[in-house]
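Asks: mmCIF, C-alpha atoms, file final-v6.cif:
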data_entry
#
loop_
_atom_site.label_atom_id
_atom_site.label_comp_id
_atom_site.auth_asym_id
_atom_site.auth_seq_id
_atom_site.Cartn_x
_atom_site.Cartn_y
_atom_site.Cartn_z
CA MET A 1 -24.38 5.07 -10.36
CA ASN A 2 -24.53 8.70 -11.42
CA PHE A 3 -21.87 10.98 -10.04
CA SER A 4 -24.11 13.09 -7.83
CA ASP A 5 -25.21 9.92 -6.02
CA LEU A 6 -21.56 8.97 -5.61
CA GLU A 7 -20.63 12.44 -4.34
CA ALA A 8 -23.36 12.18 -1.72
CA LEU A 9 -21.43 9.29 -0.17
CA VAL A 10 -18.46 11.49 0.83
CA GLY A 11 -18.27 11.60 4.61
CA THR A 12 -20.17 8.34 5.05
CA GLU A 13 -18.83 6.63 8.15
CA LEU A 14 -17.99 2.95 7.96
CA PRO A 15 -19.26 0.77 10.77
CA ASP A 16 -16.47 0.11 13.26
CA GLY A 17 -14.55 -3.05 12.54
CA SER A 18 -11.62 -4.92 13.99
CA TYR A 19 -8.58 -6.86 12.86
CA LEU A 20 -6.44 -9.31 14.77
CA ILE A 21 -2.97 -9.80 13.26
CA GLU A 22 -2.80 -13.58 13.50
CA PRO A 23 0.75 -15.00 13.63
CA GLU A 24 0.05 -17.77 11.09
CA ALA A 25 -1.65 -15.44 8.62
CA HIS A 26 1.15 -12.91 9.06
CA ALA A 27 3.78 -15.55 8.32
CA LYS A 28 1.88 -16.64 5.21
CA ALA A 29 1.51 -13.05 3.99
CA VAL A 30 5.14 -12.05 4.47
CA GLY A 31 6.27 -15.24 2.74
CA ALA A 32 4.04 -14.44 -0.22
CA VAL A 33 5.56 -10.95 -0.59
CA HIS A 34 9.16 -12.22 -0.31
CA ALA A 35 9.67 -10.68 3.13
CA GLU A 36 10.77 -11.94 6.53
CA ASP A 37 8.87 -12.55 9.72
CA TYR A 38 10.51 -9.98 11.97
CA ALA A 39 11.57 -10.41 15.55
CA PHE A 40 9.87 -8.84 18.57
CA GLY A 41 6.35 -9.45 17.23
CA VAL A 42 6.34 -6.41 14.96
CA ALA A 43 4.18 -6.80 11.86
CA HIS A 44 5.42 -6.10 8.34
CA PRO A 45 4.62 -2.48 7.44
CA VAL A 46 2.33 -3.63 4.62
CA TYR A 47 -0.10 -4.45 7.40
CA ALA A 48 -0.76 -0.72 7.58
CA HIS A 49 -2.82 -1.46 4.48
CA VAL A 50 -3.84 -5.05 5.18
CA ALA A 51 -5.21 -4.54 8.71
CA PRO A 52 -7.38 -1.46 8.07
CA HIS A 53 -8.56 -2.80 4.71
CA CYS A 54 -9.45 -6.26 5.98
CA GLY A 55 -10.82 -5.04 9.31
CA MET A 56 -12.99 -2.18 8.08
CA GLY A 57 -16.68 -2.40 8.82
CA TRP A 58 -17.62 -3.26 5.21
CA ASN A 59 -16.38 -6.31 3.40
CA LEU A 60 -15.31 -5.90 -0.23
CA PRO A 61 -18.71 -6.80 -1.81
CA GLU A 62 -20.47 -4.38 0.57
CA PHE A 63 -18.00 -1.61 -0.31
CA PHE A 64 -18.36 -2.26 -4.05
CA ASP A 65 -22.14 -2.35 -3.72
CA MET A 66 -22.10 0.94 -1.79
CA VAL A 67 -20.37 2.68 -4.70
CA GLY A 68 -22.41 0.89 -7.37
CA ALA A 69 -19.86 -1.58 -8.72
CA ASP A 70 -19.87 -5.31 -9.36
CA MET A 71 -17.14 -7.61 -8.11
CA ASP A 72 -16.20 -8.49 -11.70
CA SER A 73 -16.02 -4.91 -12.97
CA GLY A 74 -12.22 -4.78 -12.81
CA VAL A 75 -11.76 -2.58 -9.74
CA LEU A 76 -8.09 -1.83 -9.04
CA PHE A 77 -6.09 -0.30 -6.19
CA GLY A 78 -4.95 3.10 -7.44
CA GLU A 79 -3.13 4.93 -4.64
CA GLY A 80 -2.10 4.39 -1.04
CA ASP A 81 -0.87 6.77 1.64
CA LEU A 82 0.22 5.03 4.84
CA THR A 83 1.32 6.90 7.96
CA TYR A 84 2.82 5.06 10.92
CA HIS A 85 2.30 6.44 14.41
CA GLN A 86 3.11 3.35 16.50
CA PRO A 87 4.39 -0.16 15.66
CA MET A 88 1.75 -2.72 14.65
CA LEU A 89 2.07 -5.80 16.80
CA ILE A 90 1.26 -9.38 15.93
CA GLY A 91 -1.41 -10.82 18.20
CA VAL A 92 -3.14 -7.51 18.95
CA ASP A 93 -6.82 -7.07 18.07
CA TYR A 94 -7.09 -3.56 16.60
CA LEU A 95 -10.15 -1.40 16.05
CA VAL A 96 -10.70 -0.05 12.54
CA ARG A 97 -12.73 3.09 11.90
CA GLY A 98 -13.07 5.18 8.78
CA HIS A 99 -15.12 7.03 6.23
CA ILE A 100 -15.38 7.74 2.52
CA ALA A 101 -12.98 10.66 2.13
CA SER A 102 -13.40 11.68 -1.50
CA VAL A 103 -14.73 10.70 -4.89
CA GLU A 104 -13.61 11.89 -8.30
CA ARG A 105 -14.80 11.08 -11.82
CA LYS A 106 -12.26 10.97 -14.61
CA ARG A 107 -12.20 10.05 -18.28
CA GLY A 108 -9.20 8.46 -19.97
CA SER A 109 -8.59 7.98 -23.67
CA ARG A 110 -8.02 4.24 -23.18
CA ALA A 111 -9.72 3.54 -19.85
CA GLY A 112 -12.93 5.45 -20.58
CA VAL A 113 -14.93 6.74 -17.62
CA PHE A 114 -13.77 5.73 -14.15
CA ASP A 115 -14.30 6.87 -10.59
CA LEU A 116 -11.65 7.25 -7.89
CA VAL A 117 -13.00 6.52 -4.42
CA THR A 118 -10.77 7.17 -1.40
CA LEU A 119 -11.30 5.59 2.00
CA HIS A 120 -9.72 7.14 5.08
CA LEU A 121 -9.08 4.34 7.58
CA GLU A 122 -7.55 4.43 11.04
CA LEU A 123 -6.18 1.55 13.06
CA VAL A 124 -6.33 2.10 16.83
CA ASP A 125 -5.26 -0.17 19.64
CA PRO A 126 -7.47 -1.38 22.53
CA ASP A 127 -6.43 1.74 24.51
CA ASN A 128 -7.67 3.94 21.64
CA ILE A 129 -4.12 4.96 20.66
CA LEU A 130 -3.75 5.72 16.96
CA ILE A 131 -1.42 3.18 15.33
CA VAL A 132 -1.63 3.83 11.58
CA VAL A 133 -3.63 5.87 9.10
CA SER A 134 -4.35 4.45 5.66
CA ASP A 135 -5.82 6.47 2.83
CA GLU A 136 -6.55 4.05 0.01
CA THR A 137 -7.91 5.00 -3.39
CA TYR A 138 -9.69 2.54 -5.66
CA VAL A 139 -10.30 2.82 -9.38
CA PHE A 140 -13.84 1.87 -10.43
CA PRO A 141 -14.22 1.48 -14.21
CA ARG A 142 -17.66 2.62 -15.38
CA THR A 143 -19.51 1.68 -18.51
CA ALA A 144 -21.10 4.60 -20.29
CA GLU A 145 -24.49 3.36 -19.16
CA ALA A 146 -23.43 3.01 -15.51
CA ALA A 147 -21.81 6.45 -15.52
CA SER A 148 -24.89 8.25 -16.83
CA MET B 1 22.10 11.67 -4.09
CA THR B 2 22.24 8.27 -2.40
CA THR B 3 20.81 5.28 -4.21
CA ILE B 4 19.12 2.67 -2.04
CA PRO B 5 20.14 -0.95 -2.81
CA PRO B 6 17.33 -2.40 -4.95
CA PHE B 7 15.07 -5.30 -3.97
CA VAL B 8 14.38 -7.86 -6.69
CA VAL B 9 11.42 -10.19 -7.03
CA PRO B 10 12.69 -12.76 -9.55
CA GLU B 11 9.21 -13.84 -10.58
CA VAL B 12 5.67 -12.98 -9.50
CA ARG B 13 3.99 -16.31 -8.80
CA ILE B 14 0.30 -17.10 -8.95
CA GLU B 15 0.57 -19.16 -5.77
CA ASP B 16 1.76 -16.06 -3.91
CA ILE B 17 -1.16 -14.04 -5.31
CA VAL B 18 -3.55 -16.74 -4.09
CA ALA B 19 -1.86 -16.77 -0.66
CA VAL B 20 -2.35 -13.00 -0.30
CA MET B 21 -5.98 -13.35 -1.45
CA ASP B 22 -6.45 -15.96 1.23
CA VAL B 23 -4.90 -13.85 4.00
CA MET B 24 -6.85 -10.75 2.97
CA GLY B 25 -10.11 -12.49 2.17
CA ASP B 26 -9.81 -10.78 -1.20
CA MET B 27 -12.51 -12.07 -3.56
CA ASN B 28 -11.75 -9.76 -6.47
CA PRO B 29 -11.65 -12.11 -9.50
CA VAL B 30 -9.11 -9.96 -11.39
CA HIS B 31 -6.42 -11.78 -9.40
CA VAL B 32 -7.20 -15.24 -10.75
CA ASP B 33 -9.76 -15.22 -13.58
CA GLU B 34 -7.92 -15.30 -16.92
CA GLU B 35 -11.08 -14.96 -19.01
CA LEU B 36 -12.18 -11.90 -17.05
CA VAL B 37 -8.86 -10.09 -17.32
CA ALA B 38 -8.86 -10.76 -21.08
CA GLU B 39 -12.36 -9.28 -21.32
CA LEU B 40 -11.21 -6.26 -19.33
CA GLY B 41 -8.20 -5.75 -21.63
CA LEU B 42 -5.65 -6.39 -18.89
CA ARG B 43 -2.42 -8.12 -19.86
CA GLY B 44 -2.73 -10.79 -17.18
CA ARG B 45 -4.03 -11.76 -13.79
CA VAL B 46 -3.43 -8.87 -11.41
CA ASN B 47 -0.96 -9.12 -8.57
CA GLN B 48 -2.32 -7.39 -5.47
CA GLY B 49 -1.50 -3.72 -4.99
CA PRO B 50 -0.37 -4.29 -1.40
CA ALA B 51 2.08 -6.97 -2.58
CA ASN B 52 3.66 -4.45 -4.94
CA ILE B 53 3.90 -1.93 -2.11
CA ALA B 54 5.41 -4.61 0.15
CA TYR B 55 8.29 -5.16 -2.32
CA VAL B 56 9.19 -1.46 -2.02
CA MET B 57 8.90 -1.72 1.75
CA ASN B 58 11.22 -4.75 1.74
CA MET B 59 13.86 -2.62 0.03
CA LEU B 60 13.50 0.13 2.63
CA ILE B 61 13.57 -2.32 5.56
CA ALA B 62 16.72 -4.03 4.28
CA TRP B 63 18.36 -0.64 3.85
CA ALA B 64 17.29 0.97 7.15
CA GLY B 65 17.47 -2.20 9.21
CA SER B 66 14.04 -2.25 10.82
CA PRO B 67 10.37 -2.61 9.81
CA GLN B 68 9.68 0.29 12.18
CA ALA B 69 11.96 2.62 10.23
CA ILE B 70 9.27 3.40 7.65
CA ARG B 71 7.21 6.33 8.94
CA ARG B 72 5.17 7.15 5.85
CA ILE B 73 4.83 5.85 2.32
CA GLN B 74 2.74 7.27 -0.49
CA MET B 75 2.36 5.24 -3.68
CA ARG B 76 0.51 5.71 -6.96
CA PHE B 77 -0.04 2.83 -9.36
CA HIS B 78 0.70 3.35 -13.02
CA SER B 79 0.30 -0.22 -14.15
CA ILE B 80 -0.20 -3.76 -12.89
CA SER B 81 2.18 -6.62 -12.24
CA CYS B 82 1.27 -10.13 -13.29
CA PRO B 83 2.49 -13.71 -12.85
CA GLY B 84 5.86 -14.21 -14.55
CA ASP B 85 7.01 -10.62 -14.14
CA ARG B 86 10.46 -9.85 -12.77
CA LEU B 87 10.17 -6.80 -10.53
CA GLU B 88 12.71 -4.45 -9.08
CA ALA B 89 12.08 -1.95 -6.29
CA ARG B 90 14.34 1.08 -6.52
CA GLY B 91 14.84 4.21 -4.48
CA LYS B 92 17.01 7.21 -3.86
CA VAL B 93 17.36 9.67 -1.02
CA VAL B 94 16.30 13.17 -2.00
CA GLU B 95 16.63 14.88 1.37
CA LEU B 96 17.82 14.28 4.93
CA ARG B 97 16.16 16.13 7.80
CA GLU B 98 16.49 16.11 11.55
CA THR B 99 13.32 14.80 13.15
CA LYS B 100 11.14 16.88 15.43
CA ASN B 101 10.54 15.93 19.03
CA GLY B 102 8.40 12.81 19.22
CA GLU B 103 8.71 12.04 15.53
CA SER B 104 11.48 9.53 16.06
CA SER B 105 9.20 7.18 18.03
CA ASN B 106 11.12 4.83 20.29
CA LEU B 107 13.97 4.05 17.91
CA GLY B 108 16.33 6.71 19.12
CA ASN B 109 17.02 7.88 15.58
CA ARG B 110 17.18 11.51 14.68
CA ILE B 111 17.54 11.69 10.91
CA MET B 112 14.63 11.21 8.51
CA ALA B 113 15.40 10.30 4.91
CA HIS B 114 12.91 11.49 2.32
CA CYS B 115 13.08 9.11 -0.59
CA ASP B 116 11.69 8.70 -4.10
CA VAL B 117 10.74 5.07 -4.67
CA GLU B 118 9.40 3.02 -7.54
CA LEU B 119 8.70 -0.49 -8.71
CA VAL B 120 9.52 -1.45 -12.30
CA ARG B 121 9.01 -4.66 -14.24
CA ASP B 122 11.57 -6.29 -16.47
CA GLY B 123 13.75 -3.19 -16.27
CA GLY B 124 11.25 -0.97 -18.02
CA GLU B 125 7.58 -0.35 -17.27
CA ILE B 126 6.84 1.54 -14.06
CA ILE B 127 4.33 -0.29 -11.90
CA LEU B 128 4.17 2.29 -9.14
CA GLN B 129 5.97 5.39 -7.93
CA GLY B 130 5.91 7.33 -4.72
CA GLN B 131 7.68 8.84 -1.76
CA ALA B 132 8.74 7.39 1.57
CA GLU B 133 9.93 8.81 4.86
CA VAL B 134 12.40 6.52 6.61
CA LEU B 135 14.06 6.97 10.01
CA LEU B 136 17.70 6.04 9.73
CA PRO B 137 19.82 4.20 12.25
CA ALA B 138 22.58 6.42 13.62
CA SER B 139 25.37 4.65 11.73
CA LEU B 140 23.65 4.96 8.34
CA ALA B 141 22.57 8.53 9.02
CA THR B 142 26.13 9.48 9.91
CA SER B 143 27.58 7.94 6.76
CA LEU B 144 24.97 9.67 4.57
CA THR B 145 25.33 13.07 6.19
CA THR B 146 29.12 12.78 6.03
CA SER B 147 29.05 11.92 2.34
CA ALA B 148 26.55 14.71 1.70
CA GLU B 149 28.86 17.24 3.38
CA ALA B 150 32.08 15.97 1.79
CA PRO B 151 33.56 18.25 -0.89
CA ASP B 152 33.63 16.96 -4.44
CA ALA B 153 36.66 14.80 -5.12
CA ASP B 154 37.44 16.78 -8.24
#
Take the structure in the file and give it back as structure tokens.
Replies:
Amino acid sequence: MNFSDLEALVGTELPDGSYLIEPEAHAKAVGAVHAEDYAFGVAHPVYAHVAPHCGMGWNLPEFFDMVGADMDSGVLFGEGDLTYHQPMLIGVDYLVRGHIASVERKRGSRAGVFDLVTLHLELVDPDNILIVVSDETYVFPRTAEAAS
Amino acid sequence: MTTIPPFVVPEVRIEDIVAVMDVMGDMNPVHVDEELVAELGLRGRVNQGPANIAYVMNMLIAWAGSPQAIRRIQMRFHSISCPGDRLEARGKVVELRETKNGESSNLGNRIMAHCDVELVRDGGEIILQGQAEVLLPASLATSLTTSAEAPDAD
């Protein structure tokens, strides 16, 4: 994908999505990251990434396809900025909305050409109260051919 | 400057990576495909970014006493972690500030700690670095502000 096509995607709204923090899945996730299942039904703060990312209106292949990348192209998570407005609760079905916030093309001496794509995602509760904001930036390696 | 007690992951395990993939529905093959990561020039199968962030969060939760204490966290990845790595989350307080009205949520806390945080592997390579804002329980806030105001012993 050439960069002007990528730049044209900035501002693109994702379809609304949703994410239910299931107790069993939460317990499995916190165990896998060496954490505890907390009392009072409050989710681990890493769910400020997990819930928006997993509940956004595109799945991963759709997102990669949108920005012209294959699943096996070595895409990595580059940056995250998580802001907490209200506690995330286990068992609540949250709405996820968002858009493509920015794109940037860079060239590294070892990594070659790569694009940084940032999604701005918001998790809101059934009463439309903002719970968390997640800005997540992904690194898309580009072959010289794909970057042209 | 106060150092936050570190959080250690003795060993990143592939079964934990697979468990996080399962929970997140993450189909990115860099987490499990050894041939692919070799082709891509990566040193191993890639532990999920959110797992690395969670280790830093675990440190902050243990220190501040509540998962709700973290109000913001910004992280940038410098490298990857892989199965077999020993990881250590580290942090230090760089500033204490009184919170504004409404910022303290429902915890009743009034002091926000601004912290530098990082995750390193095997005592050396930096996996990620960033900043966190953490609301402190009254007892911890009092001890930190008291120590910050105390005159030097010498």
Asks: List every residue of chain B that has an atom at most 8 Å from any atom of chain A, giving for each one its closest atom pair and the distance in Å to one decimal, counting only C-alpha atoms, sorted by chain and then by ascending residue number, as a tab-separated table.
Replies:
residue	atom	partner	partner_atom	distance
B:Val9	CA	A:His34	CA	7.4
B:Asp16	CA	A:Ala32	CA	4.6
B:Ile17	CA	A:Ala32	CA	7.3
B:Ala19	CA	A:Ala32	CA	6.4
B:Val20	CA	A:Ala29	CA	5.8
B:Val23	CA	A:Ala25	CA	5.9
B:Met24	CA	A:Cys54	CA	6.0
B:Gly25	CA	A:Cys54	CA	7.3
B:Asp26	CA	A:Leu60	CA	7.4
B:Met27	CA	A:Leu60	CA	7.5
B:Asn28	CA	A:Met71	CA	6.0
B:Pro29	CA	A:Asp72	CA	6.2
B:Val30	CA	A:Gly74	CA	6.2
B:Leu36	CA	A:Asp72	CA	7.5
B:Val37	CA	A:Gly74	CA	7.7
B:Leu40	CA	A:Gly74	CA	6.8
B:Gly49	CA	A:Phe77	CA	5.8
B:Pro50	CA	A:Val46	CA	6.6
B:Ala51	CA	A:Val33	CA	5.6
B:Ile53	CA	A:Val46	CA	7.1
B:Ala54	CA	A:Val46	CA	5.5
B:Tyr55	CA	A:Val33	CA	6.6
B:Met57	CA	A:Pro45	CA	7.2
B:Asn58	CA	A:Ala35	CA	6.3
B:Pro67	CA	A:Pro45	CA	6.2
B:Gln68	CA	A:Pro87	CA	6.3
B:Ile70	CA	A:Tyr84	CA	7.4
B:Arg71	CA	A:Tyr84	CA	5.0
B:Arg72	CA	A:Thr83	CA	4.4
B:Ile73	CA	A:Leu82	CA	5.3
B:Gln74	CA	A:Asp81	CA	4.2
B:Met75	CA	A:Gly80	CA	5.3
B:Arg76	CA	A:Glu79	CA	4.4
B:Phe77	CA	A:Gly78	CA	5.3
B:His78	CA	A:Gly78	CA	7.9
B:Ser105	CA	A:Gln86	CA	7.4
Asks: Neighbouring residues of B:Ile111 were defined as those with any atom within 10 Å, considering only C-alpha atoms; residues of the same chain fewer than 5 positions away were excluded. Please report them as a VMD selection string.
Replies: chain B and resid 96 to 100 103 to 104 134 to 138 140 to 142 144 to 145
Asks: What does the PyMOL selection byres ((chain B and resi 45) around 10) select in this file, as a VMD selection string?
Replies: chain B and resid 14 17 29 to 38 42 to 44 46 to 48 80 to 83
Asks: Written as an NGL selection string, what is the full residue list that the PyMOL selection byres ((chain A and resi 67) around 12) yields on the file shown?
Replies: :A and (1-10 or 12 or 58 or 60-66 or 68-71 or 75 or 100 or 102-104 or 114-119 or 138-142 or 146-147)
Asks: Using only C-alpha atoms, pick whichever of B:Glu11, B:Pro5, B:Met21, B:Leu87 has the shortest atom-to-atom distance to B:Met59.
Replies: B:Pro5
Asks: Between atom CA of A:Pro15 and atom CA of A:Asn128, what distance in Å does the model show, to one decimal?
Replies: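 So the two atoms, atom CA of A:Pro15 and atom CA of A:Asn128, lie 16.2 Å apart.
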Asks: Mind pulling up the distance from atom CA of A:Leu130 to atom CA of B:Gly130?
Replies: 23.8 Å
Asks: So how many Å separate atom CA of B:Ser147 and atom CA of B:Val93, to one decimal?
Replies: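 A separation of 12.4 Å between them.
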Asks: Name the closest residue to B:Ala89 among the candidates B:Val12, B:Met1, B:Ile127, B:Val18; distances are taken between atoms, counting all atoms listed in the file.
Replies: B:Ile127
